[in-house]
Amino acid sequence: MTGEIRRLKTGIAGIDELLEGGIPEDFFVAITGEPGCGKTIFSIHFINQGIIEGDKCIYVTTEESRESIVRQASQFNMKFEEAINDGKLIVIDALMGREDRWSLQNLDPEALVSKIVEAKKELGYGRARVVIDSLSAFWLDKPAMARRYSYFIKKVLSKWSFTILAVSQYAVTTAESFGWGVEHIADGIIRFRRLLRGGELKRFVVVEKMRQTNHSRYLHEIDVKPGVGLVVLGRVDRRVEDYRLPPDVMRKILDSKRRTEEVL
């Protein structure tokens with residue numbers, strides 16, 4: 001590799017160290033995992049760090065309202081409402097279907113990219129961060145389109161030099177919504193996991209892929225602290241096999257992936 005790789009910090013102590021300092025600029029990164037394992041909080045940290053560094057920040061929310069995202073950020077002492085009022089952040093609400101300028105009336109990929117570009121023009125010139133939370137919502141009723149939609153969104157937005165986090169939902173009971181299309185075209189994959197150990201919920205993160213980066217290949221335990229947000233507790237000492245999904249679940253996922261690719 002030649003030339004300097006500019007990286008964007010995530011704002012989470014312990015995560016940037018796994019990525020040689022941060023996510024490479026202009027990358028399209030898939031943030032995947034089950035519900036409740038930290039994907040949205042990770043995304044909120046990423047946007048908050050952008051606000052601190054003076055980046056132009058856009059957060060697209062499809063599964064929570066704009067107010068909910070702002071409220072979550074405030075729980076971790078992140079001032080999203082102030083950033084919105086100061087013209088540093090635009091939160092595009094794709095859930096409530098309201099008529100205001102920064103809402104989407106339907107989950108249409110073309111409408112999404114048009115609204116993101118419009119938001120960037122409103123925020124002005126400069127390095128930009130985008131979170132789409134979640135991209136899976138755009139193909140819930142047509143999972144076979146996941147790769148095509150993901151490629152379209154990446155292709156169009158790459159012309160605007162965005163660094164993008166695309167959240168992809170995964171539920172073991174609905175493997176169809178995993179969003180394989182995102183992972184196929186992503187420059188990086190950061191996977192979140194959760195499981196019960198001794199009756200206690202544990203959360204984990206692993207960097208599965210990050211181009212142009214000598215990233216960590218180890219599973220790390222994470223937690224969410226009130227008033228702080230996501231923290232890295234340390235590298236997991238147990239075997240990777242201890243955290244794999246059950247064989248029958250893996251078969252469902254692989255079968256779903258094969259069917260999707262056959263359709264495409």
# chains A, B, ... in the order shown; residues from 1 in each chain; ligands from 1
>>> residues_around(residues="Ile90 (chain A)", least_positions_apart="6", cutoff="7 Å", atoms="only C-alpha atoms", output="PyMOL selection string")
chain A and resi 57-59+84+119
>>> closest_atom_pairs(of="region 128-184 of chain A", to="region 24-44 of chain A", cutoff="9 Å", atoms="only C-alpha atoms", output="JSON lines")
{"residue": "A:Ala128", "atom": "CA", "partner": "A:Asp26", "partner_atom": "CA", "distance": 8.7}
{"residue": "A:Arg129", "atom": "CA", "partner": "A:Asp26", "partner_atom": "CA", "distance": 8.7}
{"residue": "A:Val131", "atom": "CA", "partner": "A:Ser43", "partner_atom": "CA", "distance": 6.5}
{"residue": "A:Ile132", "atom": "CA", "partner": "A:Ser43", "partner_atom": "CA", "distance": 8.8}
{"residue": "A:Asp133", "atom": "CA", "partner": "A:Thr40", "partner_atom": "CA", "distance": 7.0}
{"residue": "A:Ser134", "atom": "CA", "partner": "A:Thr40", "partner_atom": "CA", "distance": 8.8}
{"residue": "A:Lys154", "atom": "CA", "partner": "A:Phe28", "partner_atom": "CA", "distance": 6.9}
{"residue": "A:Ser158", "atom": "CA", "partner": "A:Asp26", "partner_atom": "CA", "distance": 7.1}
{"residue": "A:Trp160", "atom": "CA", "partner": "A:Asp26", "partner_atom": "CA", "distance": 8.8}
{"residue": "A:Ser161", "atom": "CA", "partner": "A:Asp26", "partner_atom": "CA", "distance": 5.3}
{"residue": "A:Phe162", "atom": "CA", "partner": "A:Asp26", "partner_atom": "CA", "distance": 5.2}
{"residue": "A:Thr163", "atom": "CA", "partner": "A:Asp26", "partner_atom": "CA", "distance": 4.2}
{"residue": "A:Ile164", "atom": "CA", "partner": "A:Phe28", "partner_atom": "CA", "distance": 4.8}
{"residue": "A:Leu165", "atom": "CA", "partner": "A:Val29", "partner_atom": "CA", "distance": 5.0}
{"residue": "A:Ala166", "atom": "CA", "partner": "A:Ala30", "partner_atom": "CA", "distance": 4.9}
{"residue": "A:Val167", "atom": "CA", "partner": "A:Ile31", "partner_atom": "CA", "distance": 4.5}
{"residue": "A:Ser168", "atom": "CA", "partner": "A:Thr32", "partner_atom": "CA", "distance": 4.7}
{"residue": "A:Gln169", "atom": "CA", "partner": "A:Gly33", "partner_atom": "CA", "distance": 5.7}
{"residue": "A:Tyr170", "atom": "CA", "partner": "A:Glu34", "partner_atom": "CA", "distance": 4.6}
{"residue": "A:Ala171", "atom": "CA", "partner": "A:Glu34", "partner_atom": "CA", "distance": 5.3}
{"residue": "A:Val172", "atom": "CA", "partner": "A:Glu34", "partner_atom": "CA", "distance": 7.7}
{"residue": "A:Phe178", "atom": "CA", "partner": "A:Thr32", "partner_atom": "CA", "distance": 8.0}
{"residue": "A:Gly179", "atom": "CA", "partner": "A:Thr32", "partner_atom": "CA", "distance": 8.5}
{"residue": "A:Val182", "atom": "CA", "partner": "A:Ala30", "partner_atom": "CA", "distance": 6.3}
{"residue": "A:Glu183", "atom": "CA", "partner": "A:Ala30", "partner_atom": "CA", "distance": 6.2}
>>> write_last_selection(atoms="N, CA and C atoms", output="PDB file, in the first residue's frame")
ATOM      1  N   ALA A 128     -17.561  14.248   5.414  1.00  0.00           N
ATOM      2  CA  ALA A 128     -18.907  13.892   5.861  1.00  0.00           C
ATOM      3  C   ALA A 128     -18.987  12.452   6.360  1.00  0.00           C
ATOM      4  N   ARG A 129     -19.777  12.273   7.401  1.00  0.00           N
ATOM      5  CA  ARG A 129     -20.075  10.956   7.949  1.00  0.00           C
ATOM      6  C   ARG A 129     -21.571  10.683   7.800  1.00  0.00           C
ATOM      7  N   VAL A 131     -24.609   7.650   8.743  1.00  0.00           N
ATOM      8  CA  VAL A 131     -25.076   6.394   9.317  1.00  0.00           C
ATOM      9  C   VAL A 131     -26.447   6.106   8.735  1.00  0.00           C
ATOM     10  N   ILE A 132     -26.646   4.866   8.263  1.00  0.00           N
ATOM     11  CA  ILE A 132     -27.972   4.411   7.841  1.00  0.00           C
ATOM     12  C   ILE A 132     -28.363   3.279   8.782  1.00  0.00           C
ATOM     13  N   ASP A 133     -29.306   3.537   9.650  1.00  0.00           N
ATOM     14  CA  ASP A 133     -29.652   2.624  10.741  1.00  0.00           C
ATOM     15  C   ASP A 133     -31.165   2.299  10.716  1.00  0.00           C
ATOM     16  N   SER A 134     -31.553   1.237  10.041  1.00  0.00           N
ATOM     17  CA  SER A 134     -30.695   0.265   9.392  1.00  0.00           C
ATOM     18  C   SER A 134     -31.004   0.205   7.898  1.00  0.00           C
ATOM     19  N   LYS A 154     -24.154   2.403  -2.419  1.00  0.00           N
ATOM     20  CA  LYS A 154     -22.710   2.643  -2.333  1.00  0.00           C
ATOM     21  C   LYS A 154     -22.203   3.382  -3.573  1.00  0.00           C
ATOM     22  N   SER A 158     -20.715   7.121  -3.094  1.00  0.00           N
ATOM     23  CA  SER A 158     -19.257   7.174  -3.170  1.00  0.00           C
ATOM     24  C   SER A 158     -18.773   8.388  -3.965  1.00  0.00           C
ATOM     25  N   TRP A 160     -19.760  11.251  -3.560  1.00  0.00           N
ATOM     26  CA  TRP A 160     -19.812  12.419  -2.671  1.00  0.00           C
ATOM     27  C   TRP A 160     -18.826  12.310  -1.518  1.00  0.00           C
ATOM     28  N   SER A 161     -17.953  11.305  -1.549  1.00  0.00           N
ATOM     29  CA  SER A 161     -16.896  11.140  -0.530  1.00  0.00           C
ATOM     30  C   SER A 161     -17.450  11.049   0.890  1.00  0.00           C
ATOM     31  N   PHE A 162     -18.522  10.273   1.040  1.00  0.00           N
ATOM     32  CA  PHE A 162     -19.046   9.993   2.371  1.00  0.00           C
ATOM     33  C   PHE A 162     -18.302   8.810   2.981  1.00  0.00           C
ATOM     34  N   THR A 163     -18.122   8.832   4.288  1.00  0.00           N
ATOM     35  CA  THR A 163     -17.752   7.636   5.033  1.00  0.00           C
ATOM     36  C   THR A 163     -19.031   7.129   5.669  1.00  0.00           C
ATOM     37  N   ILE A 164     -19.416   5.895   5.332  1.00  0.00           N
ATOM     38  CA  ILE A 164     -20.759   5.418   5.636  1.00  0.00           C
ATOM     39  C   ILE A 164     -20.729   4.195   6.548  1.00  0.00           C
ATOM     40  N   LEU A 165     -21.563   4.223   7.589  1.00  0.00           N
ATOM     41  CA  LEU A 165     -21.855   3.037   8.377  1.00  0.00           C
ATOM     42  C   LEU A 165     -23.244   2.573   7.988  1.00  0.00           C
ATOM     43  N   ALA A 166     -23.336   1.361   7.465  1.00  0.00           N
ATOM     44  CA  ALA A 166     -24.622   0.786   7.069  1.00  0.00           C
ATOM     45  C   ALA A 166     -24.969  -0.329   8.048  1.00  0.00           C
ATOM     46  N   VAL A 167     -25.932  -0.075   8.911  1.00  0.00           N
ATOM     47  CA  VAL A 167     -26.329  -1.066   9.905  1.00  0.00           C
ATOM     48  C   VAL A 167     -27.168  -2.140   9.229  1.00  0.00           C
ATOM     49  N   SER A 168     -26.860  -3.395   9.544  1.00  0.00           N
ATOM     50  CA  SER A 168     -27.574  -4.540   8.975  1.00  0.00           C
ATOM     51  C   SER A 168     -28.065  -5.418  10.103  1.00  0.00           C
ATOM     52  N   GLN A 169     -29.379  -5.606  10.171  1.00  0.00           N
ATOM     53  CA  GLN A 169     -29.967  -6.385  11.245  1.00  0.00           C
ATOM     54  C   GLN A 169     -29.816  -7.877  10.996  1.00  0.00           C
ATOM     55  N   TYR A 170     -29.672  -8.608  12.089  1.00  0.00           N
ATOM     56  CA  TYR A 170     -29.605 -10.065  12.011  1.00  0.00           C
ATOM     57  C   TYR A 170     -30.414 -10.645  13.162  1.00  0.00           C
ATOM     58  N   ALA A 171     -31.391 -11.494  12.824  1.00  0.00           N
ATOM     59  CA  ALA A 171     -32.145 -12.222  13.845  1.00  0.00           C
ATOM     60  C   ALA A 171     -32.082 -13.697  13.510  1.00  0.00           C
ATOM     61  N   VAL A 172     -31.752 -14.522  14.492  1.00  0.00           N
ATOM     62  CA  VAL A 172     -31.560 -15.951  14.216  1.00  0.00           C
ATOM     63  C   VAL A 172     -32.841 -16.616  13.735  1.00  0.00           C
ATOM     64  N   PHE A 178     -30.831 -10.847   7.244  1.00  0.00           N
ATOM     65  CA  PHE A 178     -29.448 -10.628   7.679  1.00  0.00           C
ATOM     66  C   PHE A 178     -28.736  -9.575   6.847  1.00  0.00           C
ATOM     67  N   GLY A 179     -29.091  -9.461   5.582  1.00  0.00           N
ATOM     68  CA  GLY A 179     -28.479  -8.424   4.774  1.00  0.00           C
ATOM     69  C   GLY A 179     -27.170  -8.830   4.148  1.00  0.00           C
ATOM     70  N   VAL A 182     -25.235  -6.323   1.868  1.00  0.00           N
ATOM     71  CA  VAL A 182     -24.375  -5.284   2.436  1.00  0.00           C
ATOM     72  C   VAL A 182     -22.952  -5.804   2.591  1.00  0.00           C
ATOM     73  N   GLU A 183     -22.830  -7.013   3.126  1.00  0.00           N
ATOM     74  CA  GLU A 183     -21.508  -7.553   3.390  1.00  0.00           C
ATOM     75  C   GLU A 183     -20.726  -7.824   2.106  1.00  0.00           C
TER      76      GLU A 183
END
>>> closest_residue(among="A:Gly199, A:Met78, A:Ile5, A:Val156", to="Ala111 (chain A)", atoms="only C-alpha atoms")
A:Val156
>>> closest_residue(among="A:Val113, A:Gly54, A:Lys202, A:Glu67", to="Phe152 (chain A)", atoms="only C-alpha atoms")
A:Val113
>>> closest_residue(among="A:Asp93, A:Glu64, A:Glu17, A:Asp141", to="Gln105 (chain A)", atoms="only C-alpha atoms")
A:Asp93
>>> atom_distance(atom1="CA of Arg101 (chain A)", atom2="CA of Val117 (chain A)")
13.0 Å
>>> select_by_dssp(residues="region 87-189 of chain A", states="helix (DSSP H, G or I)", output="PDB file with N, CA and C atoms, in the first residue's frame")
ATOM      1  N   PRO A 109     -34.768   3.248  -1.994  1.00  0.00           N
ATOM      2  CA  PRO A 109     -33.328   3.539  -2.060  1.00  0.00           C
ATOM      3  C   PRO A 109     -33.011   4.831  -2.814  1.00  0.00           C
ATOM      4  N   GLU A 110     -33.709   5.119  -3.894  1.00  0.00           N
ATOM      5  CA  GLU A 110     -33.437   6.340  -4.657  1.00  0.00           C
ATOM      6  C   GLU A 110     -33.802   7.571  -3.838  1.00  0.00           C
ATOM      7  N   ALA A 111     -34.933   7.498  -3.131  1.00  0.00           N
ATOM      8  CA  ALA A 111     -35.321   8.613  -2.269  1.00  0.00           C
ATOM      9  C   ALA A 111     -34.308   8.797  -1.146  1.00  0.00           C
ATOM     10  N   LEU A 112     -33.767   7.681  -0.645  1.00  0.00           N
ATOM     11  CA  LEU A 112     -32.771   7.740   0.423  1.00  0.00           C
ATOM     12  C   LEU A 112     -31.523   8.493  -0.018  1.00  0.00           C
ATOM     13  N   VAL A 113     -30.928   8.075  -1.142  1.00  0.00           N
ATOM     14  CA  VAL A 113     -29.686   8.712  -1.566  1.00  0.00           C
ATOM     15  C   VAL A 113     -29.921  10.175  -1.943  1.00  0.00           C
ATOM     16  N   SER A 114     -31.069  10.484  -2.513  1.00  0.00           N
ATOM     17  CA  SER A 114     -31.380  11.879  -2.858  1.00  0.00           C
ATOM     18  C   SER A 114     -31.458  12.735  -1.609  1.00  0.00           C
ATOM     19  N   LYS A 115     -32.071  12.195  -0.557  1.00  0.00           N
ATOM     20  CA  LYS A 115     -32.215  12.956   0.685  1.00  0.00           C
ATOM     21  C   LYS A 115     -30.861  13.129   1.385  1.00  0.00           C
ATOM     22  N   ILE A 116     -30.006  12.103   1.319  1.00  0.00           N
ATOM     23  CA  ILE A 116     -28.675  12.216   1.919  1.00  0.00           C
ATOM     24  C   ILE A 116     -27.852  13.277   1.194  1.00  0.00           C
ATOM     25  N   VAL A 117     -27.905  13.277  -0.120  1.00  0.00           N
ATOM     26  CA  VAL A 117     -27.176  14.279  -0.901  1.00  0.00           C
ATOM     27  C   VAL A 117     -27.722  15.677  -0.611  1.00  0.00           C
ATOM     28  N   GLU A 118     -29.030  15.791  -0.502  1.00  0.00           N
ATOM     29  CA  GLU A 118     -29.633  17.085  -0.163  1.00  0.00           C
ATOM     30  C   GLU A 118     -29.153  17.569   1.208  1.00  0.00           C
ATOM     31  N   ALA A 119     -29.070  16.636   2.156  1.00  0.00           N
ATOM     32  CA  ALA A 119     -28.596  16.996   3.495  1.00  0.00           C
ATOM     33  C   ALA A 119     -27.145  17.462   3.461  1.00  0.00           C
ATOM     34  N   LYS A 120     -26.325  16.789   2.659  1.00  0.00           N
ATOM     35  CA  LYS A 120     -24.916  17.199   2.555  1.00  0.00           C
ATOM     36  C   LYS A 120     -24.805  18.602   1.962  1.00  0.00           C
ATOM     37  N   LYS A 121     -25.602  18.903   0.973  1.00  0.00           N
ATOM     38  CA  LYS A 121     -25.587  20.246   0.388  1.00  0.00           C
ATOM     39  C   LYS A 121     -26.020  21.289   1.424  1.00  0.00           C
ATOM     40  N   GLU A 122     -26.965  20.918   2.267  1.00  0.00           N
ATOM     41  CA  GLU A 122     -27.431  21.833   3.314  1.00  0.00           C
ATOM     42  C   GLU A 122     -26.337  22.074   4.352  1.00  0.00           C
ATOM     43  N   LEU A 123     -25.609  21.032   4.712  1.00  0.00           N
ATOM     44  CA  LEU A 123     -24.562  21.157   5.732  1.00  0.00           C
ATOM     45  C   LEU A 123     -23.334  21.886   5.208  1.00  0.00           C
ATOM     46  N   LEU A 135     -30.026  -0.280   7.149  1.00  0.00           N
ATOM     47  CA  LEU A 135     -30.209  -0.442   5.711  1.00  0.00           C
ATOM     48  C   LEU A 135     -31.106  -1.641   5.411  1.00  0.00           C
ATOM     49  N   SER A 136     -31.148  -2.595   6.335  1.00  0.00           N
ATOM     50  CA  SER A 136     -31.978  -3.785   6.140  1.00  0.00           C
ATOM     51  C   SER A 136     -33.448  -3.443   5.943  1.00  0.00           C
ATOM     52  N   ALA A 137     -33.880  -2.344   6.509  1.00  0.00           N
ATOM     53  CA  ALA A 137     -35.292  -1.963   6.409  1.00  0.00           C
ATOM     54  C   ALA A 137     -35.722  -1.740   4.968  1.00  0.00           C
ATOM     55  N   PHE A 138     -34.779  -1.442   4.078  1.00  0.00           N
ATOM     56  CA  PHE A 138     -35.119  -1.125   2.694  1.00  0.00           C
ATOM     57  C   PHE A 138     -35.425  -2.371   1.857  1.00  0.00           C
ATOM     58  N   TRP A 139     -35.178  -3.566   2.412  1.00  0.00           N
ATOM     59  CA  TRP A 139     -35.502  -4.774   1.643  1.00  0.00           C
ATOM     60  C   TRP A 139     -36.158  -5.853   2.497  1.00  0.00           C
ATOM     61  N   PRO A 143     -36.007  -9.505   0.275  1.00  0.00           N
ATOM     62  CA  PRO A 143     -34.607  -9.740   0.646  1.00  0.00           C
ATOM     63  C   PRO A 143     -33.695 -10.055  -0.526  1.00  0.00           C
ATOM     64  N   ALA A 144     -34.242 -10.583  -1.618  1.00  0.00           N
ATOM     65  CA  ALA A 144     -33.404 -10.908  -2.773  1.00  0.00           C
ATOM     66  C   ALA A 144     -32.781  -9.666  -3.399  1.00  0.00           C
ATOM     67  N   MET A 145     -33.318  -8.476  -3.052  1.00  0.00           N
ATOM     68  CA  MET A 145     -32.803  -7.229  -3.615  1.00  0.00           C
ATOM     69  C   MET A 145     -31.681  -6.625  -2.771  1.00  0.00           C
ATOM     70  N   ALA A 146     -31.299  -7.281  -1.695  1.00  0.00           N
ATOM     71  CA  ALA A 146     -30.350  -6.696  -0.753  1.00  0.00           C
ATOM     72  C   ALA A 146     -29.049  -6.270  -1.414  1.00  0.00           C
ATOM     73  N   ARG A 147     -28.458  -7.164  -2.204  1.00  0.00           N
ATOM     74  CA  ARG A 147     -27.173  -6.825  -2.810  1.00  0.00           C
ATOM     75  C   ARG A 147     -27.322  -5.710  -3.840  1.00  0.00           C
ATOM     76  N   ARG A 148     -28.376  -5.777  -4.643  1.00  0.00           N
ATOM     77  CA  ARG A 148     -28.580  -4.760  -5.672  1.00  0.00           C
ATOM     78  C   ARG A 148     -28.794  -3.381  -5.058  1.00  0.00           C
ATOM     79  N   TYR A 149     -29.624  -3.307  -4.012  1.00  0.00           N
ATOM     80  CA  TYR A 149     -29.873  -2.025  -3.347  1.00  0.00           C
ATOM     81  C   TYR A 149     -28.598  -1.503  -2.691  1.00  0.00           C
ATOM     82  N   SER A 150     -27.863  -2.400  -2.036  1.00  0.00           N
ATOM     83  CA  SER A 150     -26.633  -1.996  -1.356  1.00  0.00           C
ATOM     84  C   SER A 150     -25.625  -1.430  -2.356  1.00  0.00           C
ATOM     85  N   TYR A 151     -25.483  -2.110  -3.479  1.00  0.00           N
ATOM     86  CA  TYR A 151     -24.546  -1.648  -4.506  1.00  0.00           C
ATOM     87  C   TYR A 151     -24.959  -0.288  -5.056  1.00  0.00           C
ATOM     88  N   PHE A 152     -26.258  -0.106  -5.302  1.00  0.00           N
ATOM     89  CA  PHE A 152     -26.743   1.176  -5.809  1.00  0.00           C
ATOM     90  C   PHE A 152     -26.430   2.311  -4.832  1.00  0.00           C
ATOM     91  N   ILE A 153     -26.704   2.080  -3.566  1.00  0.00           N
ATOM     92  CA  ILE A 153     -26.480   3.119  -2.553  1.00  0.00           C
ATOM     93  C   ILE A 153     -24.994   3.442  -2.434  1.00  0.00           C
ATOM     94  N   LYS A 154     -24.154   2.403  -2.419  1.00  0.00           N
ATOM     95  CA  LYS A 154     -22.710   2.643  -2.333  1.00  0.00           C
ATOM     96  C   LYS A 154     -22.203   3.382  -3.573  1.00  0.00           C
ATOM     97  N   LYS A 155     -22.631   2.959  -4.741  1.00  0.00           N
ATOM     98  CA  LYS A 155     -22.152   3.552  -5.990  1.00  0.00           C
ATOM     99  C   LYS A 155     -22.479   5.034  -6.072  1.00  0.00           C
ATOM    100  N   VAL A 156     -23.703   5.400  -5.729  1.00  0.00           N
ATOM    101  CA  VAL A 156     -24.116   6.806  -5.827  1.00  0.00           C
ATOM    102  C   VAL A 156     -23.436   7.658  -4.767  1.00  0.00           C
ATOM    103  N   LEU A 157     -23.455   7.186  -3.523  1.00  0.00           N
ATOM    104  CA  LEU A 157     -22.914   8.006  -2.439  1.00  0.00           C
ATOM    105  C   LEU A 157     -21.390   8.092  -2.469  1.00  0.00           C
ATOM    106  N   SER A 158     -20.715   7.121  -3.094  1.00  0.00           N
ATOM    107  CA  SER A 158     -19.257   7.174  -3.170  1.00  0.00           C
ATOM    108  C   SER A 158     -18.773   8.388  -3.965  1.00  0.00           C
ATOM    109  N   LYS A 159     -19.616   8.898  -4.836  1.00  0.00           N
ATOM    110  CA  LYS A 159     -19.251  10.071  -5.626  1.00  0.00           C
ATOM    111  C   LYS A 159     -19.193  11.331  -4.767  1.00  0.00           C
ATOM    112  N   TRP A 160     -19.760  11.251  -3.560  1.00  0.00           N
ATOM    113  CA  TRP A 160     -19.812  12.419  -2.671  1.00  0.00           C
ATOM    114  C   TRP A 160     -18.826  12.310  -1.518  1.00  0.00           C
ATOM    115  N   ALA A 175     -33.399 -15.358   9.255  1.00  0.00           N
ATOM    116  CA  ALA A 175     -32.109 -15.218   8.588  1.00  0.00           C
ATOM    117  C   ALA A 175     -32.213 -14.432   7.294  1.00  0.00           C
ATOM    118  N   GLU A 176     -33.398 -14.372   6.692  1.00  0.00           N
ATOM    119  CA  GLU A 176     -33.567 -13.640   5.444  1.00  0.00           C
ATOM    120  C   GLU A 176     -33.216 -12.167   5.582  1.00  0.00           C
ATOM    121  N   SER A 177     -33.387 -11.612   6.784  1.00  0.00           N
ATOM    122  CA  SER A 177     -33.161 -10.180   6.968  1.00  0.00           C
ATOM    123  C   SER A 177     -31.717  -9.843   7.322  1.00  0.00           C
ATOM    124  N   PHE A 178     -30.831 -10.847   7.244  1.00  0.00           N
ATOM    125  CA  PHE A 178     -29.448 -10.628   7.679  1.00  0.00           C
ATOM    126  C   PHE A 178     -28.736  -9.575   6.847  1.00  0.00           C
ATOM    127  N   TRP A 180     -27.105 -10.004   3.550  1.00  0.00           N
ATOM    128  CA  TRP A 180     -25.874 -10.459   2.928  1.00  0.00           C
ATOM    129  C   TRP A 180     -25.405  -9.489   1.845  1.00  0.00           C
ATOM    130  N   GLY A 181     -26.332  -8.819   1.208  1.00  0.00           N
ATOM    131  CA  GLY A 181     -25.954  -7.880   0.164  1.00  0.00           C
ATOM    132  C   GLY A 181     -25.028  -6.797   0.654  1.00  0.00           C
ATOM    133  N   VAL A 182     -25.235  -6.323   1.868  1.00  0.00           N
ATOM    134  CA  VAL A 182     -24.375  -5.284   2.436  1.00  0.00           C
ATOM    135  C   VAL A 182     -22.952  -5.804   2.591  1.00  0.00           C
ATOM    136  N   GLU A 183     -22.830  -7.013   3.126  1.00  0.00           N
ATOM    137  CA  GLU A 183     -21.508  -7.553   3.390  1.00  0.00           C
ATOM    138  C   GLU A 183     -20.726  -7.824   2.106  1.00  0.00           C
ATOM    139  N   HIS A 184     -21.417  -8.198   1.056  1.00  0.00           N
ATOM    140  CA  HIS A 184     -20.742  -8.486  -0.210  1.00  0.00           C
ATOM    141  C   HIS A 184     -20.047  -7.257  -0.784  1.00  0.00           C
ATOM    142  N   ILE A 185     -20.641  -6.087  -0.610  1.00  0.00           N
ATOM    143  CA  ILE A 185     -20.093  -4.896  -1.251  1.00  0.00           C
ATOM    144  C   ILE A 185     -19.380  -3.968  -0.261  1.00  0.00           C
TER     145      ILE A 185
END
>>> residues_around(residues="Glu53 (chain A)", least_positions_apart="6", cutoff="12 Å", atoms="only C-alpha atoms", output="VMD selection string")
chain A and resid 8 to 11 46 to 47 88 126 to 129
>>> write_last_selection(atoms="N, CA and C atoms", output="JSON list (two decimals), in the first residue's frame")
[["chain", "number", "residue", "atom", "x", "y", "z"],
["A", 8, "LEU", "N", -11.01, 7.85, 10.23],
["A", 8, "LEU", "CA", -11.97, 8.55, 11.08],
["A", 8, "LEU", "C", -12.12, 7.79, 12.39],
["A", 9, "LYS", "N", -11.90, 8.48, 13.48],
["A", 9, "LYS", "CA", -12.04, 7.86, 14.79],
["A", 9, "LYS", "C", -13.52, 7.56, 15.06],
["A", 10, "THR", "N", -13.76, 6.45, 15.77],
["A", 10, "THR", "CA", -15.13, 6.10, 16.13],
["A", 10, "THR", "C", -15.59, 6.81, 17.39],
["A", 11, "GLY", "N", -14.63, 7.30, 18.17],
["A", 11, "GLY", "CA", -15.00, 7.93, 19.43],
["A", 11, "GLY", "C", -15.16, 6.95, 20.58],
["A", 46, "PHE", "N", -20.03, 7.19, 16.60],
["A", 46, "PHE", "CA", -19.35, 7.57, 15.37],
["A", 46, "PHE", "C", -19.78, 8.96, 14.90],
["A", 47, "ILE", "N", -21.07, 9.23, 14.96],
["A", 47, "ILE", "CA", -21.57, 10.55, 14.57],
["A", 47, "ILE", "C", -21.15, 11.61, 15.57],
["A", 88, "LYS", "N", -24.81, 21.29, 12.37],
["A", 88, "LYS", "CA", -23.70, 20.34, 12.27],
["A", 88, "LYS", "C", -24.18, 18.91, 12.03],
["A", 126, "GLY", "N", -17.13, 19.90, 3.16],
["A", 126, "GLY", "CA", -16.31, 19.32, 4.22],
["A", 126, "GLY", "C", -16.48, 17.82, 4.31],
["A", 127, "ARG", "N", -15.60, 17.19, 5.08],
["A", 127, "ARG", "CA", -15.65, 15.74, 5.28],
["A", 127, "ARG", "C", -16.98, 15.35, 5.90],
["A", 128, "ALA", "N", -17.56, 14.25, 5.41],
["A", 128, "ALA", "CA", -18.91, 13.89, 5.86],
["A", 128, "ALA", "C", -18.99, 12.45, 6.36],
["A", 129, "ARG", "N", -19.78, 12.27, 7.40],
["A", 129, "ARG", "CA", -20.08, 10.96, 7.95],
["A", 129, "ARG", "C", -21.57, 10.68, 7.80]]
>>> residues_around(residues="Thr213 (chain A)", least_positions_apart="4", cutoff="9 Å", atoms="only C-alpha atoms", output="list in words")
Leu19, Glu20, Ile23, Pro24 and Lys209 of chain A
>>> decode(residues="region 91-101 of chain A", atoms="N, CA and C atoms", output="compact mmCIF listing (two decimals), in the first residue's frame")
# COMPACT_ATOMS: atom_id res chain seq x y z
N VAL A 91 -30.65 14.67 11.12
CA VAL A 91 -31.19 13.34 11.36
C VAL A 91 -32.38 13.15 10.42
N ILE A 92 -32.24 12.23 9.49
CA ILE A 92 -33.30 11.94 8.52
C ILE A 92 -34.17 10.83 9.09
N ASP A 93 -35.43 11.13 9.30
CA ASP A 93 -36.38 10.19 9.89
C ASP A 93 -37.11 9.43 8.79
N ALA A 94 -36.84 8.13 8.69
CA ALA A 94 -37.49 7.30 7.68
C ALA A 94 -38.53 6.39 8.30
N LEU A 95 -38.92 6.66 9.54
CA LEU A 95 -39.89 5.83 10.24
C LEU A 95 -41.26 6.47 10.35
N MET A 96 -41.30 7.73 10.76
CA MET A 96 -42.57 8.35 11.14
C MET A 96 -43.41 8.81 9.95
N GLY A 97 -42.78 8.99 8.78
CA GLY A 97 -43.54 9.40 7.61
C GLY A 97 -44.12 10.79 7.69
N ARG A 98 -43.45 11.68 8.38
CA ARG A 98 -43.94 13.06 8.51
C ARG A 98 -43.64 13.87 7.26
N GLU A 99 -44.19 15.04 7.20
CA GLU A 99 -44.08 15.87 6.00
C GLU A 99 -42.94 16.88 6.08
N ASP A 100 -42.14 16.86 7.14
CA ASP A 100 -41.07 17.84 7.25
C ASP A 100 -39.95 17.51 6.27
N ARG A 101 -39.06 18.47 6.07
CA ARG A 101 -38.02 18.34 5.05
C ARG A 101 -37.12 17.15 5.26
